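J.: Would you mind keeping the following structure in view while I ask a few things?
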Amino acid sequence: MKTVTGHRLFWPAAVLVVMLLANVVVTPGFLSVQVRGGHLYGSLIDILLFGAPLILISIGMTGVIATGGIDLSVGAVVAISGALACYMISGQDDQGSVPGVLVAVGLALGLSAVLGLWNGLLVARAGIQPIIATLILMVAGRGVAQLITSGKNINVNSPPYKLIGGGYLLTVPFAVLVAAVVVALAGLAVRRTALGMLLEAIGGNAEASRLVGIRSRRLIVLAYTFCAVCAGIAGLMISSNISTADGNNAGLWMELDAILAVVIGGTALTGGRFTLAGTVLGALVIQTLSTTIYTTGVPPQTTLVFKAVVVTAVCLIQSPAFRAKVFRRRPGAPPPDPVASPGPADVEVRA
Amino acid sequence: MTVLGTRTGVRIRRDHVAVLVTLGLLVAMFTAGSIAYPAFGSGQVVIDLFIDNGFLLVIAIGMTFVILTGGIDLSVGAVAALSAMLCAFLLERWHWPVAVVLPLVLLVGAGIGFAMGYVIHHFEIQPFIATLAGMFLARGLCFVISVNQISIKNPFFTEWAQTRIPLPGDMNLTPTVLIALAVLAAAFWTLHYTRFGRGVYAVGGNAQSALLMGLPVTRIRIGAYVVSGLCSALGGVLFAFYTISASGLHAVGTELDAIAAVVIGGTLLTGGSGYVLGTVLGVMLLGTIQTLLRFQGTLSSWWTRIAIGALLLLFIVLQRLLGSSRPGR
Amino acid sequence: MPGAVLEMAGVSKGFPGVRALEGVDLRLYPGEIHALMGENGAGKSTLIKVLTGVHQPDAGEVRLGGTPVSVTGPQHAQALGISTVYQEVNLCPNLTVAENVFIGREPARAGMIRWREIRRRAGELLTRLHVDVDPGALLGSCSLAVQQLVAIVRAVDVSAKVLVLDEPTSSLDRDEVEQLFAVMRRLRDDGVAVLFVSHFLDQVYDVSDRMTVLRNGRLVGEFRTAELSRADLVGHMTGRALSTLEQLHVTGESARVQAEPVLRARGVGRKGAIEPFDLEIHPGEVVGLAGLLGSGRTEAARLMFGADAPDSGTVTLSGDPVALRSPRAAIGRGVAFCPENRKSEGLVEDLTVGENIVLALQAAAGWLRPLSQSRRQELVGRYIEALRISPADPDMPARNLSGGNQQKVLLARWLITRPKLLILDEPTRGIDVGAKAEIQKLVVSLAGDGVAVLFVSAELEEVLRISHKIEVLRDRRLIAEVANTAEITPEGVLEIIANGTTS
């Protein structure tokens, strides 16, 4: 019989539940969701709404990390995508025109894809270490965003654009729907096609993957491109929510949050087995942490201290060296690891 | 007599090439600047480079140690901000004497470095992640100390900020520059004339071999992070001298500038190859770009970031090309 | 003869489940080159690890200059005068030659390293051993041979009584081996005791004065090289007496050879791995590659799959010339390959048994055309049953299986691609007897169905049991091809290996 705690999603889910419960204790009405003016309203909805960009980026990051890579440039891509979309819209006579907004969104996502392609080619073709390859865009990307906005914050007043990050559809925040759709599509793509398995093979054992004839390079490029597109969508949401493109601060440190979400979700940074559901939980944990801090009135910037604690704890628990040194397992004890032995049926995606 | 291996007449080594390229770029940029803007060619502009980037230089020197061992330190900017914050807080709120505050702050920096190095070495956590946690922690602690900016009114700091040491030819420099240069000299000496320094190179070249050759790898690897933490703390203090204030938002992104300066200075991100003098050139190159843009006037500051990114790409590709043509590996 | 500088007497060492060494003696005299010989698993590396203090012996003692010592670790061994140089050079490629010789023990004054002194002394040491290399050159820019020599220079300068060379020649070419031997002889003449471990018989006869032979963790004996014939040496190593120079019964090609060969290689080779060779494999034929460890068996097999790219020769698969630059090219032509290192090159331990089984098929189809669930279950289920993979749970992570079952998973992975040529590199190594027999049976039945098989194994009996034709390799060269008739015995093959008789 499989124990509940043995399930790989147990710990991230448990952390999330504990955090939500803690909130309920402090703020009794925390879990209540109401309909106000045709919109869902409540702290949970806030967490989903503000967490949507992070969920998206983390999903993209999961694919990259599964191949054994990492993408440091997603924060920069967030800034670039929002900047380009707002720049395009602000240049239109009628900012409210739906076709105009669609063109702007299309261009922004196209540019994001190109940036992802660039990262992927640097890693897969030029053979540059992922951390280094994506560092280039991380450094230059914010400059590019400011170049697009000419260093100013571009404000737009476009109802169709506002929908992406701040609007509602059928009482649900549109951003949440978008995130849900992307997560669902990603889930279908990795588990209904062979993509997930092949990505895990590449990240799990690159040499075996080569010898078995997997076209690793293409798949790696694909992973980086998808990751950048996710970041692009997140950039649209963020800029749309505040109707402003801020080349300097949009998506700042988001790459770190995304990596953190992936790790909390139970995907190892070394690549291989990944879980999109875990990543979504991880992103929600981070967002709940931020929301909690806001509601409790602690200065929001100190969230970082808690994040530091969480990162350290999660990484130490995942580190075999740490477990060996601290928990001193009996020699010759069987290796099975409670966190890392799921069947594929456990890895279905929760949207 | 057997004839084996390499006996080259010309002694330009591969690891010198990147440094020479950086030097060439620096000279070219300076020459171009001087031709375009007569005021640019003055010695004071060079000194100003050091005045404006002294704290970055100190931080980048610490980063050089870490990168030479094959690691990376993302926490440097946050640790610098934390030390400035700690300085300001202890001096202004608790009114501790400078003679106590400064050593304490440096100790805290070194301590954070030690903690990260310990976790990285003993628990085999990737440097990227461990120092990311360090970054979050240090940044967060800044805001725990104070969410707002603290201005420093301590006479030692304000006087220091105004001190100018006159040089012949109407030029002058600040004590910050002297400290930065002293750190540079100490770093150079350590890396090239002490066993610890050579060990840093050996660990970066091949940690396994270094262990088998009997080097104290644990001490060397953790030591590099201690040096980096110490340099970051000192950099933070210099930054506080420069701005006479401290804020949790200071020095954001400095880790990227420092990493960029080290890489542009010719140090291999995979470790084992590079020079602290190259890092100086890297910092100066970054500073020169900024100065040039300031003189130019119409090109805006974001071009700095794009230029740094382009330079990074250039040097990473350069290193890749030089690295892959190395025989015997 | 002067007294032994180093003696190991009655050394035993066991690991859980294995007796690695059982009462082994070893004597090293100053001024000799002493070869340590044995097949895989004979206990050579355990013996060296005991000698260098990596392992502590369970019984027996190590005497240095007559005094019993307890070596606690490599550093201690070095302090005692026992230095080791391994096959993979353990130096830092990013430092100069001179620095590599002295790092960690640099001459220093007041904490300040004296570079001039380092260069001067390194220069002297290199000159003394006639190694002509610039002490200021980066080690990484030197050839592997020079790096090896620098490692020896360092080892000798650290402590010059006993020098252990663990397979130093594996990655060197002929000229470089000669350079190394010249240095070894000079050291011997200086009075150093050199312990030389190598799989190359020619080299051992070329350079060593005496040798100690181990088999299955036990001492076979200590011999003067000049007094031991190669046939006897091979016999001692493998535990079989060789009937001296009996005529080999090489018969003509077997009946199945009429068909077009699945694989025909002409002059295929790769520098530093295997010299150019010819090879033909017909449908339904099992071709065995036989040779001692390091003879180039694996290297030859890998070239046939494109796992490594050959630098010479041509390959035709089913009559079409193919450039085997990558595994994909070979897979597309119906070639399959189970590598020697199951864990590092074969299995993806993170994935489940079922996923590992369908991996090759899926890789060929591409990610957009997934196998349907039902087809996947059907295939996986069929092969788990056919190969009797246990536990028969397709959702179990592959890392949890035993070695034999992991090997079966790899076989299943390729069998479902219905290969025309199956290359198996040590498919039965390290797995239990039952699984071994099953795999052998499977290979025979595959051949019966018309699959061509290239079978690599260190075990001669196994090769003889299932192969139609045997290719014999020695020192990275294919030296003979023999049809496997009833008269062929393991001893006969060993004789070819020992004497290099080309038929």
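To be explicit about the labels: the chains of the structure tokens are called A, B, and onward in the order shown, and within each one the residues are counted from 1, while ligands get numbers from 1 in the order they are shown.
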Residues of chain A within 8 Å of chain C, using only C-alpha atoms, as a ChimeraX atom specification?
T.: /A:192-195,197-198,200-201,204-205,207-208,210-215,272-273,336,341-344
J.: Keeping only N, CA, C and O atoms, write the selected residues as a compact mmCIF listing (two decimals), in the first residue's frame.
T.:
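Contents of again_17.txt, freshly written:
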```
# COMPACT_ATOMS: atom_id res chain seq x y z
N ARG A 192 0.47 13.34 -22.80
CA ARG A 192 -0.26 12.66 -23.86
C ARG A 192 0.63 12.39 -25.06
O ARG A 192 0.36 11.52 -25.86
N THR A 193 1.67 13.19 -25.23
CA THR A 193 2.66 12.84 -26.25
C THR A 193 3.85 12.25 -25.50
O THR A 193 3.81 12.07 -24.29
N ALA A 194 4.90 11.98 -26.24
CA ALA A 194 6.07 11.38 -25.59
C ALA A 194 7.03 12.44 -25.07
O ALA A 194 8.12 12.14 -24.61
N LEU A 195 6.61 13.72 -25.16
CA LEU A 195 7.53 14.81 -24.83
C LEU A 195 8.08 14.68 -23.41
O LEU A 195 9.29 14.77 -23.19
N MET A 197 8.37 12.16 -21.39
CA MET A 197 9.30 11.04 -21.20
C MET A 197 10.66 11.34 -21.82
O MET A 197 11.70 11.07 -21.22
N LEU A 198 10.64 11.92 -23.02
CA LEU A 198 11.92 12.18 -23.68
C LEU A 198 12.70 13.27 -22.95
O LEU A 198 13.92 13.19 -22.81
N GLU A 200 12.56 13.87 -19.79
CA GLU A 200 13.09 13.25 -18.58
C GLU A 200 14.29 12.36 -18.89
O GLU A 200 15.23 12.26 -18.11
N ALA A 201 14.23 11.73 -20.05
CA ALA A 201 15.36 10.88 -20.43
C ALA A 201 16.61 11.74 -20.64
O ALA A 201 17.70 11.39 -20.19
N GLY A 204 17.71 12.97 -17.31
CA GLY A 204 18.10 11.88 -16.42
C GLY A 204 19.41 11.25 -16.82
O GLY A 204 20.21 10.88 -15.97
N ASN A 205 19.64 11.11 -18.12
CA ASN A 205 20.88 10.49 -18.57
C ASN A 205 21.14 10.91 -20.01
O ASN A 205 20.64 10.29 -20.95
N GLU A 207 23.78 10.83 -21.92
CA GLU A 207 24.53 9.92 -22.79
C GLU A 207 23.64 8.76 -23.24
O GLU A 207 23.63 8.39 -24.42
N ALA A 208 22.86 8.21 -22.32
CA ALA A 208 21.95 7.13 -22.70
C ALA A 208 20.96 7.64 -23.73
O ALA A 208 20.62 6.93 -24.68
N ARG A 210 21.45 9.91 -25.95
CA ARG A 210 22.13 9.99 -27.24
C ARG A 210 22.19 8.60 -27.87
O ARG A 210 21.89 8.41 -29.04
N LEU A 211 22.57 7.62 -27.06
CA LEU A 211 22.77 6.27 -27.59
C LEU A 211 21.45 5.61 -27.96
O LEU A 211 21.45 4.61 -28.67
N VAL A 212 20.34 6.15 -27.48
CA VAL A 212 19.07 5.54 -27.82
C VAL A 212 18.43 6.29 -28.99
O VAL A 212 17.38 5.90 -29.49
N GLY A 213 19.11 7.34 -29.43
CA GLY A 213 18.69 8.01 -30.65
C GLY A 213 17.70 9.15 -30.46
O GLY A 213 17.01 9.53 -31.40
N ILE A 214 17.62 9.71 -29.26
CA ILE A 214 16.73 10.85 -29.04
C ILE A 214 17.36 12.11 -29.64
O ILE A 214 18.56 12.34 -29.49
N ARG A 215 16.55 12.91 -30.32
CA ARG A 215 17.07 14.16 -30.87
C ARG A 215 17.10 15.21 -29.77
O ARG A 215 16.21 16.08 -29.69
N GLY A 272 15.77 15.47 -15.10
CA GLY A 272 15.11 14.17 -15.03
C GLY A 272 13.65 14.33 -14.64
O GLY A 272 13.00 15.28 -15.07
N ARG A 273 13.18 13.39 -13.81
CA ARG A 273 11.78 13.38 -13.39
C ARG A 273 11.27 14.76 -13.02
O ARG A 273 11.88 15.46 -12.22
N PRO A 336 15.54 3.03 -1.60
CA PRO A 336 14.33 3.71 -2.06
C PRO A 336 14.03 4.99 -1.31
O PRO A 336 14.12 5.05 -0.10
N SER A 341 9.79 8.10 -5.70
CA SER A 341 9.44 6.85 -6.36
C SER A 341 7.98 6.81 -6.76
O SER A 341 7.21 6.01 -6.27
N PRO A 342 7.58 7.70 -7.62
CA PRO A 342 6.20 7.71 -8.06
C PRO A 342 6.01 6.90 -9.33
O PRO A 342 6.95 6.70 -10.09
N GLY A 343 4.84 6.42 -9.54
CA GLY A 343 4.52 5.84 -10.82
C GLY A 343 4.03 6.96 -11.72
O GLY A 343 3.73 8.05 -11.24
N PRO A 344 3.94 6.70 -13.02
CA PRO A 344 3.53 7.77 -13.93
C PRO A 344 2.11 8.23 -13.66
O PRO A 344 1.74 9.34 -13.94
```
J.: Identify every residue of chain A that has at least one atom within 7 Å of any atom of chain B, counting only C-alpha atoms, and report the result as a PyMOL selection string.
T.: chain A and resi 136-137+139-140+143-144+146-147+301-305+307-308+311-312+319+321-322
J.: Would you kindly return, as a PyMOL selection string, each protein, DNA or RNA residue with an atom no farther than 8 Å from any atom of segment 182-192 of chain B, considering only C-alpha atoms and excluding same-chain residues fewer than 5 positions away?
T.: (chain B and resi 58+61+197-198+200+276-277) or (chain C and resi 113)
J.: Given the selection you just returned, output its residues as a file containing C-alpha atoms, formatted as a PDB file, in the first residue's frame.
T.:
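Result file follows (result_22.pdb):
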```pdb
ATOM      1  CA  VAL B  58      36.180  45.245  -4.496  1.00  0.00           C
ATOM      2  CA  ILE B  61      37.636  40.857  -6.801  1.00  0.00           C
ATOM      3  CA  GLY B 197      45.773  31.305  -3.933  1.00  0.00           C
ATOM      4  CA  ARG B 198      47.365  28.564  -6.003  1.00  0.00           C
ATOM      5  CA  VAL B 200      42.073  28.257  -5.604  1.00  0.00           C
ATOM      6  CA  VAL B 276      42.332  39.431 -10.826  1.00  0.00           C
ATOM      7  CA  LEU B 277      43.992  42.094 -12.990  1.00  0.00           C
TER       8      LEU B 277
ATOM      9  CA  ILE C 113      55.892  31.368  -3.073  1.00  0.00           C
TER      10      ILE C 113
END
```
J.: Up to 6 Å from chain B, what residues of chain C turn up? Count only C-alpha atoms and give them as a list in words.
T.: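 Residues satisfying the distance criterion: Asn90, Leu91, Cys92, Asn94, Gly104, Met112, Ile113, Asp132, Val133, Asp134, Ser141, Cys142, Ser143 and Leu144 of chain C.
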J.: Restricted to C-alpha atoms, what would the selected residues look like written as an mmCIF file, in the first residue's frame?
T.:
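The resulting file, again.cif, is shown below:
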```cif
data_model
loop_
_atom_site.group_PDB
_atom_site.id
_atom_site.type_symbol
_atom_site.label_atom_id
_atom_site.label_comp_id
_atom_site.auth_asym_id
_atom_site.auth_seq_id
_atom_site.Cartn_x
_atom_site.Cartn_y
_atom_site.Cartn_z
ATOM 1 C CA ASN C 90 45.263 13.556 -11.617
ATOM 2 C CA LEU C 91 46.813 16.936 -12.191
ATOM 3 C CA CYS C 92 45.408 20.362 -12.917
ATOM 4 C CA ASN C 94 44.993 24.871 -15.993
ATOM 5 C CA GLY C 104 50.750 21.990 -2.308
ATOM 6 C CA MET C 112 55.519 33.901 -0.283
ATOM 7 C CA ILE C 113 55.892 31.368 -3.073
ATOM 8 C CA ASP C 132 61.658 17.691 -22.896
ATOM 9 C CA VAL C 133 58.872 20.061 -22.029
ATOM 10 C CA ASP C 134 58.800 23.728 -21.128
ATOM 11 C CA SER C 141 48.360 22.210 -23.702
ATOM 12 C CA CYS C 142 50.621 19.157 -23.428
ATOM 13 C CA SER C 143 49.860 15.743 -24.850
ATOM 14 C CA LEU C 144 48.425 13.104 -22.541
#
```
J.: Which polymer residues have any atom within 10 Å of an atom of Asp157 of chain C, counting only C-alpha atoms, with same-chain residues fewer than 2 positions away left out, as a list in words?
T.: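 With the cut-off at 10 Å, the set is Gly81, Ser83, Val101, Phe102, Ala122, Leu125, Ala151, Ile152, Val153, Arg154, Ala155, Ser159, Ala160 and Lys161 of chain C.
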J.: Tell me, as a VMD selection string, which residues lie within 10 Å of Asn499 of chain C, counting only C-alpha atoms; anything in the same chain fewer than 6 positions away does not count.
T.: chain C and resid 201 229 to 231 234 245 474 493
J.: Suppose you want the space between atom CA of Ser295 of chain C and atom CA of Gly140 of chain C; what is it in Å?
T.: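 Separation between atom CA of Ser295 of chain C and atom CA of Gly140 of chain C: 27.3 Å.
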J.: Write out as JSON, numbers by chain the residues lying within 10 Å of Ile264 of chain A, counting only C-alpha atoms and excluding same-chain residues fewer than 3 positions away.
T.: {"A": [9, 11, 12, 13, 15, 258, 259, 260, 261, 267, 268, 278, 279, 280, 281, 282, 283, 285, 286, 310, 311, 313, 314, 315, 318]}
J.: May I have the selected residues written with N, CA, C and O atoms, as a compact mmCIF listing (two decimals), in the first residue's frame?
T.:
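Final output, part24.txt:
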```
# COMPACT_ATOMS: atom_id res chain seq x y z
N LEU A 9 3.80 14.56 -4.25
CA LEU A 9 3.15 15.87 -4.11
C LEU A 9 2.76 16.16 -2.67
O LEU A 9 2.21 17.21 -2.37
N TRP A 11 4.47 16.71 0.19
CA TRP A 11 5.10 17.80 0.94
C TRP A 11 4.73 19.18 0.44
O TRP A 11 4.33 20.04 1.23
N PRO A 12 4.83 19.44 -0.88
CA PRO A 12 4.39 20.77 -1.32
C PRO A 12 2.93 21.04 -0.97
O PRO A 12 2.60 22.15 -0.52
N ALA A 13 2.08 20.02 -1.14
CA ALA A 13 0.67 20.22 -0.82
C ALA A 13 0.49 20.50 0.67
O ALA A 13 -0.28 21.38 1.07
N VAL A 15 2.64 21.79 2.77
CA VAL A 15 3.11 23.14 3.09
C VAL A 15 2.04 24.16 2.74
O VAL A 15 1.74 25.08 3.51
N ALA A 258 10.75 31.44 -9.80
CA ALA A 258 10.32 30.31 -10.62
C ALA A 258 11.16 29.07 -10.32
O ALA A 258 10.63 27.97 -10.16
N ILE A 259 12.46 29.27 -10.23
CA ILE A 259 13.33 28.13 -9.92
C ILE A 259 12.96 27.56 -8.57
O ILE A 259 12.85 26.35 -8.38
N LEU A 260 12.69 28.46 -7.65
CA LEU A 260 12.29 28.05 -6.31
C LEU A 260 10.99 27.24 -6.35
O LEU A 260 10.87 26.18 -5.71
N ALA A 261 10.03 27.72 -7.15
CA ALA A 261 8.75 27.02 -7.25
C ALA A 261 8.96 25.60 -7.77
O ALA A 261 8.36 24.65 -7.28
N THR A 267 10.73 18.85 -8.22
CA THR A 267 11.57 18.52 -9.36
C THR A 267 13.01 18.86 -8.99
O THR A 267 13.28 19.96 -8.53
N ALA A 268 13.91 17.91 -9.18
CA ALA A 268 15.29 18.15 -8.78
C ALA A 268 15.98 19.05 -9.80
O ALA A 268 15.73 18.95 -11.00
N GLY A 278 3.33 19.53 -9.20
CA GLY A 278 4.16 19.96 -8.08
C GLY A 278 4.61 21.39 -8.26
O GLY A 278 4.60 22.19 -7.32
N THR A 279 4.99 21.73 -9.50
CA THR A 279 5.44 23.10 -9.76
C THR A 279 4.32 24.10 -9.49
O THR A 279 4.55 25.15 -8.89
N VAL A 280 3.10 23.74 -9.92
CA VAL A 280 1.97 24.64 -9.67
C VAL A 280 1.80 24.83 -8.16
O VAL A 280 1.63 25.95 -7.67
N LEU A 281 1.88 23.73 -7.42
CA LEU A 281 1.79 23.83 -5.97
C LEU A 281 2.91 24.71 -5.43
O LEU A 281 2.69 25.56 -4.56
N GLY A 282 4.12 24.51 -5.95
CA GLY A 282 5.27 25.30 -5.49
C GLY A 282 5.04 26.78 -5.72
O GLY A 282 5.31 27.61 -4.84
N ALA A 283 4.54 27.11 -6.91
CA ALA A 283 4.29 28.52 -7.21
C ALA A 283 3.22 29.07 -6.27
O ALA A 283 3.32 30.21 -5.80
N VAL A 285 2.59 28.04 -3.27
CA VAL A 285 3.21 28.20 -1.94
C VAL A 285 3.90 29.55 -1.86
O VAL A 285 3.73 30.31 -0.90
N ILE A 286 4.67 29.87 -2.89
CA ILE A 286 5.40 31.14 -2.88
C ILE A 286 4.43 32.32 -2.86
O ILE A 286 4.59 33.28 -2.10
N VAL A 310 13.02 28.88 3.28
CA VAL A 310 12.39 27.79 2.53
C VAL A 310 13.37 27.16 1.54
O VAL A 310 13.50 25.93 1.46
N VAL A 311 14.09 28.02 0.79
CA VAL A 311 15.06 27.48 -0.19
C VAL A 311 16.06 26.58 0.53
O VAL A 311 16.34 25.45 0.09
N ALA A 313 15.91 25.07 3.42
CA ALA A 313 15.34 23.84 3.96
C ALA A 313 15.07 22.83 2.86
O ALA A 313 15.48 21.67 2.94
N VAL A 314 14.42 23.29 1.78
CA VAL A 314 14.06 22.37 0.71
C VAL A 314 15.31 21.75 0.09
O VAL A 314 15.39 20.54 -0.13
N CYS A 315 16.32 22.59 -0.17
CA CYS A 315 17.53 22.07 -0.82
C CYS A 315 18.28 21.12 0.09
O CYS A 315 18.81 20.11 -0.36
N GLN A 318 16.61 17.83 0.10
CA GLN A 318 16.84 17.10 -1.15
C GLN A 318 18.27 16.62 -1.29
O GLN A 318 18.55 15.76 -2.13
```
